[in-house]
>>> print(open('entry-v3.txt').read())   # compact mmCIF, C-alpha atoms and all ligand atoms
# COMPACT_ATOMS: atom_id res chain seq x y z
CA MET A 12 17.75 -19.23 1.06
CA GLN A 13 14.98 -19.50 3.63
CA ASN A 14 12.06 -21.93 3.42
CA PHE A 15 9.01 -20.34 1.90
CA ILE A 16 5.48 -20.92 0.69
CA ARG A 17 4.42 -19.10 -2.48
CA TYR A 18 0.62 -18.97 -2.59
CA ASN A 19 -1.65 -16.37 -4.12
CA PRO A 20 -5.24 -17.28 -4.96
CA THR A 21 -6.32 -13.88 -6.35
CA LYS A 22 -7.40 -13.98 -9.97
CA VAL A 23 -6.11 -10.84 -11.67
CA ILE A 24 -7.83 -9.66 -14.82
CA PHE A 25 -5.68 -6.96 -16.39
CA GLY A 26 -6.28 -4.63 -19.32
CA LYS A 27 -8.41 -2.03 -21.00
CA ASP A 28 -12.18 -2.33 -20.60
CA ILE A 29 -11.93 -5.70 -18.85
CA ILE A 30 -14.69 -4.80 -16.36
CA ASP A 31 -17.21 -4.98 -19.19
CA GLN A 32 -17.03 -8.77 -18.72
CA ILE A 33 -17.51 -8.58 -14.96
CA ALA A 34 -20.67 -10.70 -15.10
CA GLU A 35 -18.65 -13.78 -16.09
CA GLU A 36 -16.79 -13.76 -12.79
CA ILE A 37 -19.33 -12.41 -10.35
CA SER A 38 -22.61 -13.96 -11.47
CA PRO A 39 -21.55 -17.37 -10.10
CA ILE A 40 -20.55 -15.74 -6.78
CA GLY A 41 -23.88 -14.23 -5.77
CA LYS A 42 -26.78 -11.91 -6.39
CA LYS A 43 -26.36 -9.03 -3.92
CA ALA A 44 -23.27 -6.84 -3.84
CA LEU A 45 -22.25 -4.20 -1.35
CA ILE A 46 -20.25 -1.65 -3.38
CA VAL A 47 -17.68 0.35 -1.41
CA ILE A 48 -16.40 3.66 -2.81
CA GLY A 49 -14.41 6.68 -1.64
CA LYS A 50 -15.18 10.35 -1.56
CA GLY A 51 -16.25 10.94 -5.13
CA SER A 52 -13.52 10.32 -7.72
CA VAL A 53 -15.31 7.31 -9.20
CA LYS A 54 -18.52 9.29 -9.56
CA ALA A 55 -16.67 12.16 -11.25
CA SER A 56 -14.89 9.79 -13.65
CA GLY A 57 -18.06 7.89 -14.58
CA LEU A 58 -16.67 4.56 -13.33
CA TYR A 59 -19.33 4.18 -10.67
CA ALA A 60 -22.16 4.68 -13.19
CA ARG A 61 -20.46 2.18 -15.50
CA LEU A 62 -20.24 -0.46 -12.75
CA VAL A 63 -23.83 0.08 -11.65
CA SER A 64 -25.11 -0.33 -15.19
CA LEU A 65 -23.06 -3.54 -15.64
CA LEU A 66 -24.52 -4.94 -12.41
CA ASN A 67 -28.04 -3.98 -13.48
CA ILE A 68 -27.59 -5.71 -16.81
CA CYS A 69 -26.55 -8.97 -15.14
CA GLY A 70 -29.27 -8.74 -12.50
CA ILE A 71 -27.06 -8.24 -9.46
CA GLU A 72 -28.74 -6.15 -6.77
CA HIS A 73 -26.47 -3.59 -5.14
CA SER A 74 -26.22 -1.19 -2.24
CA THR A 75 -23.45 1.41 -2.05
CA PHE A 76 -21.44 2.53 0.96
CA GLU A 77 -19.86 5.84 0.04
CA GLY A 78 -17.33 8.22 1.60
CA ILE A 79 -14.32 6.14 2.62
CA LYS A 80 -11.53 8.58 3.41
CA SER A 81 -7.89 8.22 2.47
CA ASN A 82 -6.23 6.72 5.59
CA PRO A 83 -9.47 4.87 6.32
CA ILE A 84 -11.04 4.56 9.76
CA TYR A 85 -12.54 1.48 11.40
CA GLN A 86 -15.77 3.35 12.24
CA ASP A 87 -16.57 3.55 8.51
CA ALA A 88 -15.85 -0.15 8.15
CA ASP A 89 -18.21 -0.92 11.06
CA ALA A 90 -20.96 1.23 9.53
CA ALA A 91 -20.48 -0.50 6.16
CA VAL A 92 -20.73 -3.90 7.90
CA LYS A 93 -24.14 -2.92 9.27
CA GLN A 94 -25.28 -1.85 5.82
CA ALA A 95 -24.00 -5.10 4.29
CA GLN A 96 -25.77 -7.15 6.97
CA SER A 97 -29.13 -5.44 6.61
CA PHE A 98 -28.85 -5.65 2.82
CA LYS A 99 -27.88 -9.35 3.16
CA ALA A 100 -24.96 -8.90 0.78
CA ASP A 101 -23.26 -12.00 -0.57
CA MET A 102 -20.16 -10.22 -1.89
CA VAL A 103 -18.27 -6.93 -1.50
CA ILE A 104 -17.13 -4.98 -4.54
CA ALA A 105 -14.46 -2.35 -3.84
CA LEU A 106 -14.20 0.34 -6.51
CA GLY A 107 -11.30 2.61 -5.64
CA GLY A 108 -7.78 2.84 -4.27
CA GLY A 109 -6.15 1.12 -1.32
CA SER A 110 -8.30 2.85 1.30
CA VAL A 111 -11.52 1.62 -0.29
CA ILE A 112 -10.20 -1.91 -0.85
CA ASP A 113 -8.82 -2.17 2.70
CA THR A 114 -12.20 -1.10 4.09
CA ALA A 115 -13.97 -3.64 1.89
CA LYS A 116 -11.70 -6.34 3.32
CA ALA A 117 -12.68 -5.28 6.84
CA VAL A 118 -16.34 -5.45 5.84
CA ALA A 119 -15.87 -8.92 4.34
CA MET A 120 -14.65 -10.35 7.65
CA GLY A 121 -16.81 -8.10 9.85
CA PHE A 122 -19.97 -9.33 8.12
CA TYR A 123 -19.99 -12.59 10.06
CA VAL A 124 -19.32 -11.24 13.55
CA ASP A 125 -21.08 -9.01 16.05
CA HIS A 126 -18.06 -7.09 17.32
CA SER A 127 -16.16 -4.16 15.83
CA THR A 128 -13.89 -4.84 12.85
CA TRP A 129 -11.14 -3.12 14.85
CA ASP A 130 -10.89 -6.19 17.12
CA PHE A 131 -9.24 -8.04 14.23
CA TYR A 132 -6.59 -5.34 13.89
CA LEU A 133 -6.02 -5.41 17.65
CA GLN A 134 -5.37 -9.17 17.23
CA LYS A 135 -8.14 -9.93 19.73
CA THR A 136 -9.74 -12.41 17.35
CA LYS A 137 -9.47 -13.99 13.89
CA PRO A 138 -12.09 -14.33 11.17
CA GLU A 139 -13.55 -17.77 10.46
CA LYS A 140 -15.39 -16.67 7.34
CA ALA A 141 -15.39 -13.68 5.00
CA LEU A 142 -17.55 -12.51 2.13
CA PRO A 143 -15.96 -12.86 -1.31
CA ILE A 144 -14.06 -9.67 -2.18
CA ILE A 145 -13.97 -8.27 -5.71
CA THR A 146 -11.76 -5.27 -6.39
CA ILE A 147 -11.74 -2.77 -9.22
CA LEU A 148 -8.55 -0.82 -8.69
CA THR A 149 -8.37 2.88 -9.54
CA LEU A 150 -4.99 3.84 -8.06
CA ALA A 151 -1.67 2.01 -8.42
CA ALA A 152 0.15 1.93 -5.09
CA THR A 153 -0.54 -0.48 -2.28
CA GLY A 154 -0.75 -3.98 -3.78
CA THR A 155 -3.85 -4.69 -1.68
CA GLU A 156 -5.60 -5.87 -4.85
CA MET A 157 -3.49 -9.04 -4.77
CA ASN A 158 -2.59 -9.53 -1.12
CA PRO A 159 -4.25 -10.59 2.15
CA PHE A 160 -3.57 -7.35 4.05
CA THR A 161 -5.72 -4.45 5.19
CA VAL A 162 -4.75 -1.29 7.05
CA LEU A 163 -7.20 0.83 9.07
CA GLN A 164 -6.84 3.40 11.80
CA ASP A 165 -8.27 4.40 15.15
CA THR A 166 -7.66 8.13 14.94
CA GLU A 167 -8.72 8.99 18.53
CA ASN A 168 -6.23 6.53 20.00
CA GLY A 169 -3.43 7.33 17.54
CA SER A 170 -3.15 3.87 16.07
CA LYS A 171 -2.93 2.79 12.42
CA ARG A 172 -2.63 -0.97 12.11
CA GLY A 173 -2.37 -3.64 9.49
CA TYR A 174 -4.01 -7.05 9.61
CA GLY A 175 -3.43 -10.04 7.36
CA HIS A 176 -5.44 -13.23 6.89
CA PRO A 177 -5.71 -15.66 3.95
CA LEU A 178 -9.49 -15.03 3.80
CA LEU A 179 -8.68 -11.48 2.71
CA TYR A 180 -7.16 -12.27 -0.65
CA PRO A 181 -9.57 -10.76 -3.19
CA LYS A 182 -11.33 -13.45 -5.21
CA VAL A 183 -11.00 -11.43 -8.42
CA SER A 184 -9.24 -8.13 -9.06
CA TYR A 185 -9.84 -6.02 -12.15
CA LEU A 186 -6.84 -3.89 -13.12
CA ASP A 187 -7.59 -1.47 -15.94
CA PRO A 188 -4.68 0.99 -16.24
CA SER A 189 -6.88 3.51 -18.05
CA PHE A 190 -8.82 3.94 -14.78
CA THR A 191 -5.69 5.44 -13.23
CA THR A 192 -5.20 8.25 -15.76
CA THR A 193 -7.44 10.52 -13.65
CA VAL A 194 -5.29 10.07 -10.53
CA PRO A 195 -3.78 13.51 -9.83
CA ALA A 196 -0.01 13.99 -10.16
CA ASP A 197 0.56 14.05 -6.38
CA TYR A 198 -1.19 10.74 -5.66
CA THR A 199 0.43 9.18 -8.73
CA ALA A 200 3.82 10.07 -7.26
CA TYR A 201 2.80 8.84 -3.78
CA GLY A 202 1.82 5.53 -5.37
CA VAL A 203 5.27 5.17 -6.94
CA SER A 204 6.85 6.04 -3.59
CA ASP A 205 4.71 3.39 -1.85
CA LEU A 206 5.60 0.66 -4.31
CA ILE A 207 9.32 1.44 -4.02
CA ALA A 208 8.98 1.38 -0.22
CA HIS A 209 7.40 -2.08 -0.42
CA CYS A 210 10.39 -3.26 -2.44
CA LEU A 211 12.84 -1.77 0.05
CA GLU A 212 11.08 -3.15 3.14
CA GLN A 213 11.24 -6.67 1.71
CA PHE A 214 14.75 -6.25 0.29
CA PHE A 215 16.03 -5.68 3.82
CA GLY A 216 14.56 -8.97 4.99
CA THR A 217 16.98 -11.72 5.96
CA GLY A 218 17.76 -14.66 3.69
CA ASN A 219 20.04 -15.19 0.73
CA ALA A 220 17.81 -15.10 -2.34
CA PRO A 221 19.65 -13.65 -5.36
CA LEU A 222 16.74 -14.11 -7.79
CA THR A 223 14.40 -12.28 -5.43
CA ASP A 224 16.95 -9.48 -4.90
CA LEU A 225 17.36 -9.00 -8.65
CA HIS A 226 13.59 -9.10 -9.11
CA THR A 227 13.17 -6.48 -6.37
CA SER A 228 15.81 -4.17 -7.82
CA ALA A 229 14.25 -4.51 -11.29
CA VAL A 230 10.89 -3.42 -9.90
CA ILE A 231 12.53 -0.36 -8.31
CA ARG A 232 14.45 0.48 -11.49
CA LEU A 233 11.31 0.30 -13.61
CA ALA A 234 9.34 2.29 -11.03
CA VAL A 235 11.95 5.06 -11.27
CA ASN A 236 11.78 5.03 -15.09
CA TYR A 237 8.00 5.02 -15.31
CA GLY A 238 7.63 7.34 -12.33
CA LEU A 239 9.59 9.98 -14.25
CA LYS A 240 7.72 9.28 -17.48
CA VAL A 241 4.21 9.50 -16.03
CA LYS A 242 4.89 13.06 -14.88
CA ASP A 243 5.03 14.28 -18.46
CA HIS A 244 2.69 11.69 -19.95
CA PRO A 245 -0.11 11.12 -17.41
CA ASP A 246 -2.49 9.84 -20.10
CA ASP A 247 -0.10 7.34 -21.64
CA TYR A 248 -1.69 3.89 -21.29
CA GLU A 249 1.58 1.90 -21.45
CA THR A 250 3.14 4.01 -18.71
CA ARG A 251 0.12 3.68 -16.44
CA ALA A 252 -0.05 -0.06 -17.22
CA ASN A 253 3.54 -0.59 -16.19
CA ILE A 254 3.16 1.38 -12.96
CA MET A 255 0.00 -0.56 -12.11
CA TRP A 256 1.59 -3.98 -12.59
CA LEU A 257 4.77 -2.92 -10.77
CA ALA A 258 2.70 -1.80 -7.77
CA THR A 259 0.79 -5.09 -7.68
CA ASN A 260 4.00 -7.11 -7.89
CA ALA A 261 5.71 -5.08 -5.21
CA LEU A 262 3.42 -6.52 -2.53
CA ASN A 263 1.86 -9.76 -3.72
CA GLY A 264 4.36 -12.16 -2.18
CA SER A 265 6.74 -12.32 -5.17
CA LEU A 266 9.46 -10.32 -3.44
CA THR A 267 9.76 -12.43 -0.31
CA ALA A 268 10.55 -15.78 -1.94
CA GLY A 269 13.51 -17.20 -0.03
CA LYS A 270 13.56 -14.37 2.52
CA ASN A 271 11.70 -13.45 5.66
CA SER A 272 8.88 -10.97 5.25
CA GLY A 273 11.11 -7.89 5.57
CA ASP A 274 11.89 -5.13 8.03
CA TRP A 275 8.78 -2.88 7.83
CA ALA A 276 10.01 -0.26 10.34
CA CYS A 277 9.48 2.53 7.80
CA HIS A 278 5.85 1.55 7.34
CA GLY A 279 5.41 1.64 11.10
CA PHE A 280 6.94 5.12 11.36
CA GLU A 281 4.86 6.31 8.41
CA HIS A 282 1.65 5.00 9.95
CA SER A 283 2.41 7.22 12.96
CA LEU A 284 2.72 10.24 10.65
CA SER A 285 -0.50 9.36 8.80
CA VAL A 286 -2.54 8.85 11.95
CA LEU A 287 -1.22 12.04 13.60
CA PHE A 288 -1.25 14.40 10.59
CA ASP A 289 -3.43 12.63 8.01
CA ILE A 290 -0.72 12.82 5.36
CA ALA A 291 -0.79 10.51 2.32
CA HIS A 292 0.92 7.16 2.92
CA GLY A 293 3.36 7.46 0.00
CA ALA A 294 4.26 11.04 0.97
CA GLY A 295 5.15 9.88 4.47
CA LEU A 296 7.25 7.02 3.11
CA SER A 297 9.41 9.26 0.90
CA ILE A 298 10.24 11.22 4.07
CA VAL A 299 10.84 8.23 6.36
CA PHE A 300 12.79 5.91 4.05
CA PRO A 301 15.79 8.16 3.29
CA ALA A 302 16.12 8.86 7.02
CA TRP A 303 16.02 5.14 7.87
CA LEU A 304 18.57 4.34 5.14
CA LYS A 305 20.91 7.05 6.42
CA PHE A 306 20.52 5.84 10.01
CA HIS A 307 21.57 2.30 9.05
CA GLN A 308 23.87 3.07 6.11
CA GLU A 309 27.06 1.57 7.57
CA LYS A 310 25.31 -1.70 8.49
CA ILE A 311 23.57 -2.06 5.15
CA ALA A 312 26.25 -0.61 2.88
CA ALA A 313 26.71 -3.79 0.82
CA LYS A 314 22.99 -4.09 0.17
CA LEU A 315 22.74 -0.41 -0.77
CA ALA A 316 25.73 -0.74 -3.09
CA PHE A 317 23.90 -3.58 -4.86
CA LEU A 318 20.85 -1.33 -5.30
CA ALA A 319 23.02 1.58 -6.45
CA LYS A 320 24.36 -0.59 -9.26
CA GLN A 321 21.09 -2.28 -10.24
CA VAL A 322 18.82 0.75 -10.00
CA PHE A 323 21.01 3.75 -10.88
CA ASP A 324 24.06 2.15 -12.63
CA ILE A 325 26.37 3.51 -9.90
CA ASP A 326 29.56 1.51 -9.34
CA THR A 327 32.06 3.43 -7.21
CA GLY A 328 34.15 0.51 -5.99
CA ASN A 329 33.66 1.64 -2.40
CA GLU A 330 30.58 0.19 -0.71
CA LEU A 331 29.86 3.05 1.66
CA ASP A 332 30.25 5.67 -1.09
CA ALA A 333 27.90 3.65 -3.30
CA ALA A 334 25.44 3.33 -0.40
CA LYS A 335 25.43 7.10 0.11
CA ALA A 336 25.07 7.65 -3.63
CA PHE A 337 22.01 5.37 -3.70
CA ILE A 338 20.33 7.37 -0.93
CA HIS A 339 21.21 10.63 -2.67
CA HIS A 340 19.81 9.45 -6.02
CA LEU A 341 16.67 8.11 -4.37
CA GLU A 342 16.04 11.49 -2.71
CA LYS A 343 16.73 13.25 -6.01
CA PHE A 344 14.20 10.98 -7.72
CA TYR A 345 11.56 11.72 -5.06
CA GLN A 346 12.18 15.44 -5.60
CA GLN A 347 11.86 15.03 -9.38
CA ILE A 348 8.44 13.44 -9.03
CA ASN A 349 7.42 15.95 -6.33
CA THR A 350 6.96 13.65 -3.40
CA PRO A 351 8.32 15.18 -0.16
CA ILE A 352 11.57 14.12 1.48
CA ARG A 353 11.43 16.26 4.65
CA LEU A 354 8.72 16.80 7.27
CA LYS A 355 8.73 20.56 6.78
CA GLU A 356 7.49 20.04 3.20
CA VAL A 357 4.27 18.60 4.63
CA ASN A 358 4.05 21.39 7.23
CA ILE A 359 5.12 19.30 10.21
CA ASP A 360 7.49 21.41 12.28
CA PRO A 361 9.78 20.46 15.16
CA SER A 362 7.17 21.49 17.76
CA ALA A 363 5.48 18.17 16.91
CA LYS A 364 8.54 16.15 17.93
CA THR A 365 7.24 14.93 21.30
CA ALA A 366 3.88 13.90 19.86
CA ILE A 367 5.60 11.92 17.10
CA LEU A 368 8.06 10.21 19.48
CA ASP A 369 5.20 9.34 21.86
CA ASN A 370 3.30 7.77 18.97
CA PHE A 371 6.33 5.72 17.85
CA LYS A 372 6.56 4.48 21.45
CA LEU A 373 2.83 3.78 21.75
CA ASN A 374 2.84 1.71 18.57
CA LYS A 375 6.17 0.02 19.40
CA VAL A 376 7.69 0.83 16.01
CA ASN A 377 11.07 -0.86 15.86
CA GLY A 378 11.41 -3.00 12.75
CA GLN A 379 12.03 -6.70 12.46
CA VAL A 380 15.57 -7.05 11.12
CA TYR A 381 17.52 -3.87 11.86
CA LYS A 382 15.87 -3.38 15.21
CA LEU A 383 15.62 0.08 16.69
CA THR A 384 15.21 0.95 20.33
CA GLU A 385 13.20 3.84 21.73
CA ALA A 386 16.53 5.58 22.24
CA ASP A 387 17.13 5.48 18.46
CA HIS A 388 13.80 7.10 17.60
CA GLU A 389 14.87 10.68 18.17
CA ALA A 390 18.02 10.39 16.06
CA LEU A 391 15.98 8.84 13.27
CA LEU A 392 13.31 11.54 13.50
CA ASN A 393 15.95 14.27 13.39
CA LEU A 394 17.01 12.96 9.98
CA MET A 395 13.48 13.65 8.67
CA TRP A 396 13.71 17.44 9.16
O1 LIG A 401 -11.77 9.00 -2.22
P1 LIG A 401 -11.73 9.24 -3.68
O2 LIG A 401 -12.62 10.33 -4.13
O3 LIG A 401 -11.92 7.97 -4.48
O4 LIG A 401 -10.27 9.81 -4.05
C1 LIG A 401 -9.05 9.10 -3.84
C2 LIG A 401 -8.24 9.65 -2.67
O5 LIG A 401 -8.47 11.02 -2.50
C3 LIG A 401 -8.14 9.39 -5.01
N1 LIG A 401 -8.32 8.48 -6.15
C4 LIG A 401 -8.30 7.13 -6.17
N2 LIG A 401 -8.43 6.68 -7.44
C5 LIG A 401 -8.58 7.77 -8.22
C6 LIG A 401 -8.50 8.92 -7.41
N3 LIG A 401 -8.61 10.18 -7.91
C7 LIG A 401 -8.80 10.30 -9.23
N4 LIG A 401 -8.85 9.23 -10.09
C8 LIG A 401 -8.75 7.97 -9.62
N5 LIG A 401 -8.76 6.94 -10.48
O6 LIG A 401 -6.83 9.20 -4.50
C9 LIG A 401 -6.80 9.53 -3.11
C10 LIG A 401 -6.03 8.47 -2.36
O7 LIG A 401 -6.71 7.24 -2.38
P2 LIG A 401 -6.28 6.06 -1.39
O8 LIG A 401 -7.12 4.89 -1.67
O9 LIG A 401 -6.23 6.56 0.00
O10 LIG A 401 -4.75 5.80 -1.85
P3 LIG A 401 -3.88 4.50 -1.83
O11 LIG A 401 -4.30 3.55 -2.89
O12 LIG A 401 -2.49 4.96 -1.85
O13 LIG A 401 -4.20 3.79 -0.43
C11 LIG A 401 -3.60 4.24 0.75
C12 LIG A 401 -4.00 3.40 1.93
O14 LIG A 401 -3.56 2.04 1.78
C13 LIG A 401 -2.80 1.64 2.96
C14 LIG A 401 -2.21 2.95 3.39
O15 LIG A 401 -1.74 2.89 4.71
C15 LIG A 401 -3.36 3.92 3.21
O16 LIG A 401 -4.25 3.84 4.30
N6 LIG A 401 -1.89 0.55 2.62
C16 LIG A 401 -2.43 -0.67 2.40
C17 LIG A 401 -1.65 -1.78 2.16
C18 LIG A 401 -2.23 -3.11 1.93
N7 LIG A 401 -3.52 -3.29 2.20
O17 LIG A 401 -1.53 -4.03 1.52
C19 LIG A 401 -0.17 -1.70 2.13
C20 LIG A 401 0.35 -0.31 2.07
O18 LIG A 401 1.64 -0.29 2.60
C21 LIG A 401 -0.46 0.72 2.77
O19 LIG A 401 -0.16 0.74 4.15
ZN ZN A 402 2.90 0.98 1.81
>>> encode(input="entry-v3.txt", output="structure tokens")
Amino acid sequence: MQNFIRYNPTKVIFGKDIIDQIAEEISPIGKKALIVIGKGSVKASGLYARLVSLLNICGIEHSTFEGIKSNPIYQDADAAVKQAQSFKADMVIALGGGSVIDTAKAVAMGFYVDHSTWDFYLQKTKPEKALPIITILTLAATGTEMNPFTVLQDTENGSKRGYGHPLLYPKVSYLDPSFTTTVPADYTAYGVSDLIAHCLEQFFGTGNAPLTDLHTSAVIRLAVNYGLKVKDHPDDYETRANIMWLATNALNGSLTAGKNSGDWACHGFEHSLSVLFDIAHGAGLSIVFPAWLKFHQEKIAAKLAFLAKQVFDIDTGNELDAAKAFIHHLEKFYQQINTPIRLKEVNIDPSAKTAILDNFKLNKVNGQVYKLTEADHEALLNLMW
């Protein structure tokens, strides 16, 4: 087992209608909130109006930055920083999915500086202060509601990058599963794919940590069960609640106890697909992960055999057969929930090969444990068609 620090300062408030008590948490924080929202779902669902009326009741002034796109861009974060500065915000409230929350995190650290938020992602500088971040999650997927990470992109230069800093842990996160019942079937499935990918990335980290491995496989097993169930019962509260809490736990530090932080090559490859073709993060991951698993299957056969047993009750006696069976069942599951497993399903054809390989090279996507060279990229990519 490797040395580790387990620290997570985010206060999670989970359950139905819990935002009605939002004043208790945020009144002591400040008086002026910048609200960040996406392209309209929270207006259509009535959640935005509900938040605004709660803030009005407790006397918190607010200004709203609207229009964050899925696969968010740093230019929106920079514009939201300017709005927060001129409004003199003393907190940021993110109402939305991962894209909105990640932008709000950029705003929180960008508020105190006079350069672009993108400089943080380029590792040119680090924040010394950040505004308090409050999140109201509307889509179960990324885990950003309980972690210190944010991911933005510079579309023109083909770069989607993550940044992590302890100042970016949300101060309070409200998780009401009923807010996710309006998420369409495709994004619900992409969320399940993303949370499983987070489990897998960390599972392939180094370090002997049996409790963490069992925990990780249990999260995947439950994600498969509830991922299938939510397809037929999108309004079922218990199903949505379980998916929401699984997604949070998949990337809040629980699954790295006793291990290094994971491999993360698949996230790197997926970020290339998202920045080049603007596909949904979870859709990209269900294409990239099976390819990566197949590429490494001999090296990781024992680990895959463990997952085959824990997740799908497969016990063939032969490690490599079990490994292949795990990959096959994972692909079958992705197909059952209608998340793509091949590039052609998202209309990316082989004529894009050079552009994709160039982007992998530009962003130096190689992974941290099972390292890939540039020479491996093409073979890996071929497994995605
Ligand atoms: O923009 P609106 O209108 O709000 O619509 C969104 C968007 O179209 C919609 N949506 C969200 N909640 C909804 C809803 N529609 C109906 N009802 C609701 N309750 O769903 C669409 C996708 O939203 P988005 O926020 O983009 O999805 P997600 O939560 O999957 O976030 C994806 C982003 O997070 C990054 C990804 O790279 C991607 O940019 N990630 C962030 C991580 C982190 N900070 O820790 C880790 C992840 O690995 C990931 O990289
Ligand atoms: Zn992810």
>>> residues_near_ligand(input="entry-v3.txt", ligand="ligand ZN 402 (chain A)", cutoff="7 Å", atoms="all atoms listed in the file", output="ChimeraX atom specification")
/A:153,205-206,208-209,278,292-293
>>> atom_distance(input="entry-v3.txt", atom1="atom CA of A:Ala366", atom2="atom CA of A:Ser283")
9.7 Å
>>> residues_near_ligand(input="entry-v3.txt", ligand="ligand LIG 401 (chain A)", cutoff="8 Å", atoms="all atoms listed in the file", output="PDB file with C-alpha atoms, in the frame of the given file")
ATOM      1  CA  ILE A  48     -16.400   3.660  -2.810  1.00  0.00           C
ATOM      2  CA  GLY A  49     -14.410   6.680  -1.640  1.00  0.00           C
ATOM      3  CA  LYS A  50     -15.180  10.350  -1.560  1.00  0.00           C
ATOM      4  CA  GLY A  51     -16.250  10.940  -5.130  1.00  0.00           C
ATOM      5  CA  SER A  52     -13.520  10.320  -7.720  1.00  0.00           C
ATOM      6  CA  VAL A  53     -15.310   7.310  -9.200  1.00  0.00           C
ATOM      7  CA  SER A  56     -14.890   9.790 -13.650  1.00  0.00           C
ATOM      8  CA  GLY A  78     -17.330   8.220   1.600  1.00  0.00           C
ATOM      9  CA  ILE A  79     -14.320   6.140   2.620  1.00  0.00           C
ATOM     10  CA  LYS A  80     -11.530   8.580   3.410  1.00  0.00           C
ATOM     11  CA  SER A  81      -7.890   8.220   2.470  1.00  0.00           C
ATOM     12  CA  ASN A  82      -6.230   6.720   5.590  1.00  0.00           C
ATOM     13  CA  PRO A  83      -9.470   4.870   6.320  1.00  0.00           C
ATOM     14  CA  GLY A 107     -11.300   2.610  -5.640  1.00  0.00           C
ATOM     15  CA  GLY A 108      -7.780   2.840  -4.270  1.00  0.00           C
ATOM     16  CA  GLY A 109      -6.150   1.120  -1.320  1.00  0.00           C
ATOM     17  CA  SER A 110      -8.300   2.850   1.300  1.00  0.00           C
ATOM     18  CA  VAL A 111     -11.520   1.620  -0.290  1.00  0.00           C
ATOM     19  CA  ILE A 112     -10.200  -1.910  -0.850  1.00  0.00           C
ATOM     20  CA  ASP A 113      -8.820  -2.170   2.700  1.00  0.00           C
ATOM     21  CA  LEU A 148      -8.550  -0.820  -8.690  1.00  0.00           C
ATOM     22  CA  THR A 149      -8.370   2.880  -9.540  1.00  0.00           C
ATOM     23  CA  LEU A 150      -4.990   3.840  -8.060  1.00  0.00           C
ATOM     24  CA  ALA A 151      -1.670   2.010  -8.420  1.00  0.00           C
ATOM     25  CA  ALA A 152       0.150   1.930  -5.090  1.00  0.00           C
ATOM     26  CA  THR A 153      -0.540  -0.480  -2.280  1.00  0.00           C
ATOM     27  CA  GLY A 154      -0.750  -3.980  -3.780  1.00  0.00           C
ATOM     28  CA  THR A 155      -3.850  -4.690  -1.680  1.00  0.00           C
ATOM     29  CA  GLU A 156      -5.600  -5.870  -4.850  1.00  0.00           C
ATOM     30  CA  ASN A 158      -2.590  -9.530  -1.120  1.00  0.00           C
ATOM     31  CA  PRO A 159      -4.250 -10.590   2.150  1.00  0.00           C
ATOM     32  CA  PHE A 160      -3.570  -7.350   4.050  1.00  0.00           C
ATOM     33  CA  THR A 161      -5.720  -4.450   5.190  1.00  0.00           C
ATOM     34  CA  VAL A 162      -4.750  -1.290   7.050  1.00  0.00           C
ATOM     35  CA  LEU A 163      -7.200   0.830   9.070  1.00  0.00           C
ATOM     36  CA  GLN A 164      -6.840   3.400  11.800  1.00  0.00           C
ATOM     37  CA  LYS A 171      -2.930   2.790  12.420  1.00  0.00           C
ATOM     38  CA  GLY A 173      -2.370  -3.640   9.490  1.00  0.00           C
ATOM     39  CA  PHE A 190      -8.820   3.940 -14.780  1.00  0.00           C
ATOM     40  CA  THR A 191      -5.690   5.440 -13.230  1.00  0.00           C
ATOM     41  CA  THR A 192      -5.200   8.250 -15.760  1.00  0.00           C
ATOM     42  CA  THR A 193      -7.440  10.520 -13.650  1.00  0.00           C
ATOM     43  CA  VAL A 194      -5.290  10.070 -10.530  1.00  0.00           C
ATOM     44  CA  PRO A 195      -3.780  13.510  -9.830  1.00  0.00           C
ATOM     45  CA  TYR A 198      -1.190  10.740  -5.660  1.00  0.00           C
ATOM     46  CA  TYR A 201       2.800   8.840  -3.780  1.00  0.00           C
ATOM     47  CA  GLY A 202       1.820   5.530  -5.370  1.00  0.00           C
ATOM     48  CA  ASP A 205       4.710   3.390  -1.850  1.00  0.00           C
ATOM     49  CA  HIS A 209       7.400  -2.080  -0.420  1.00  0.00           C
ATOM     50  CA  LEU A 262       3.420  -6.520  -2.530  1.00  0.00           C
ATOM     51  CA  HIS A 278       5.850   1.550   7.340  1.00  0.00           C
ATOM     52  CA  HIS A 282       1.650   5.000   9.950  1.00  0.00           C
ATOM     53  CA  SER A 285      -0.500   9.360   8.800  1.00  0.00           C
ATOM     54  CA  ALA A 291      -0.790  10.510   2.320  1.00  0.00           C
ATOM     55  CA  HIS A 292       0.920   7.160   2.920  1.00  0.00           C
ATOM     56  CA  GLY A 293       3.360   7.460   0.000  1.00  0.00           C
TER      57      GLY A 293
END
>>> atom_distance(input="entry-v3.txt", atom1="atom CA of A:Phe337", atom2="atom CA of A:Asn393")
20.2 Å
>>> residues_around(input="entry-v3.txt", residues="A:Pro301", least_positions_apart="6", cutoff="9 Å", atoms="all atoms listed in the file", output="PyMOL selection string")
chain A and resi 338-339+341-342+352+394-395
>>> atom_distance(input="entry-v3.txt", atom1="atom CA of A:His340", atom2="atom CA of A:Lys270")
26.1 Å
>>> closest_residue(input="entry-v3.txt", among="A:Thr267, A:Gln32, A:Asn349, A:Asn14", to="A:Ser297", atoms="all atoms listed in the file")
A:Asn349
>>> closest_residue(input="entry-v3.txt", among="A:Gln308, A:Ser74, A:Asn253, A:Ser272", to="A:Arg232", atoms="all atoms listed in the file")
A:Asn253
>>> residues_around(input="entry-v3.txt", residues="stretch 39-44 of chain A", least_positions_apart="3", cutoff="9 Å", atoms="only C-alpha atoms", output="list in words")
Ala34, Glu35, Glu36, Leu66, Gly70, Ile71, Glu72, His73, Ser74, Thr75, Ala95, Phe98, Lys99, Ala100, Asp101, Met102, Val103, Ile104 and Pro143 of chain A
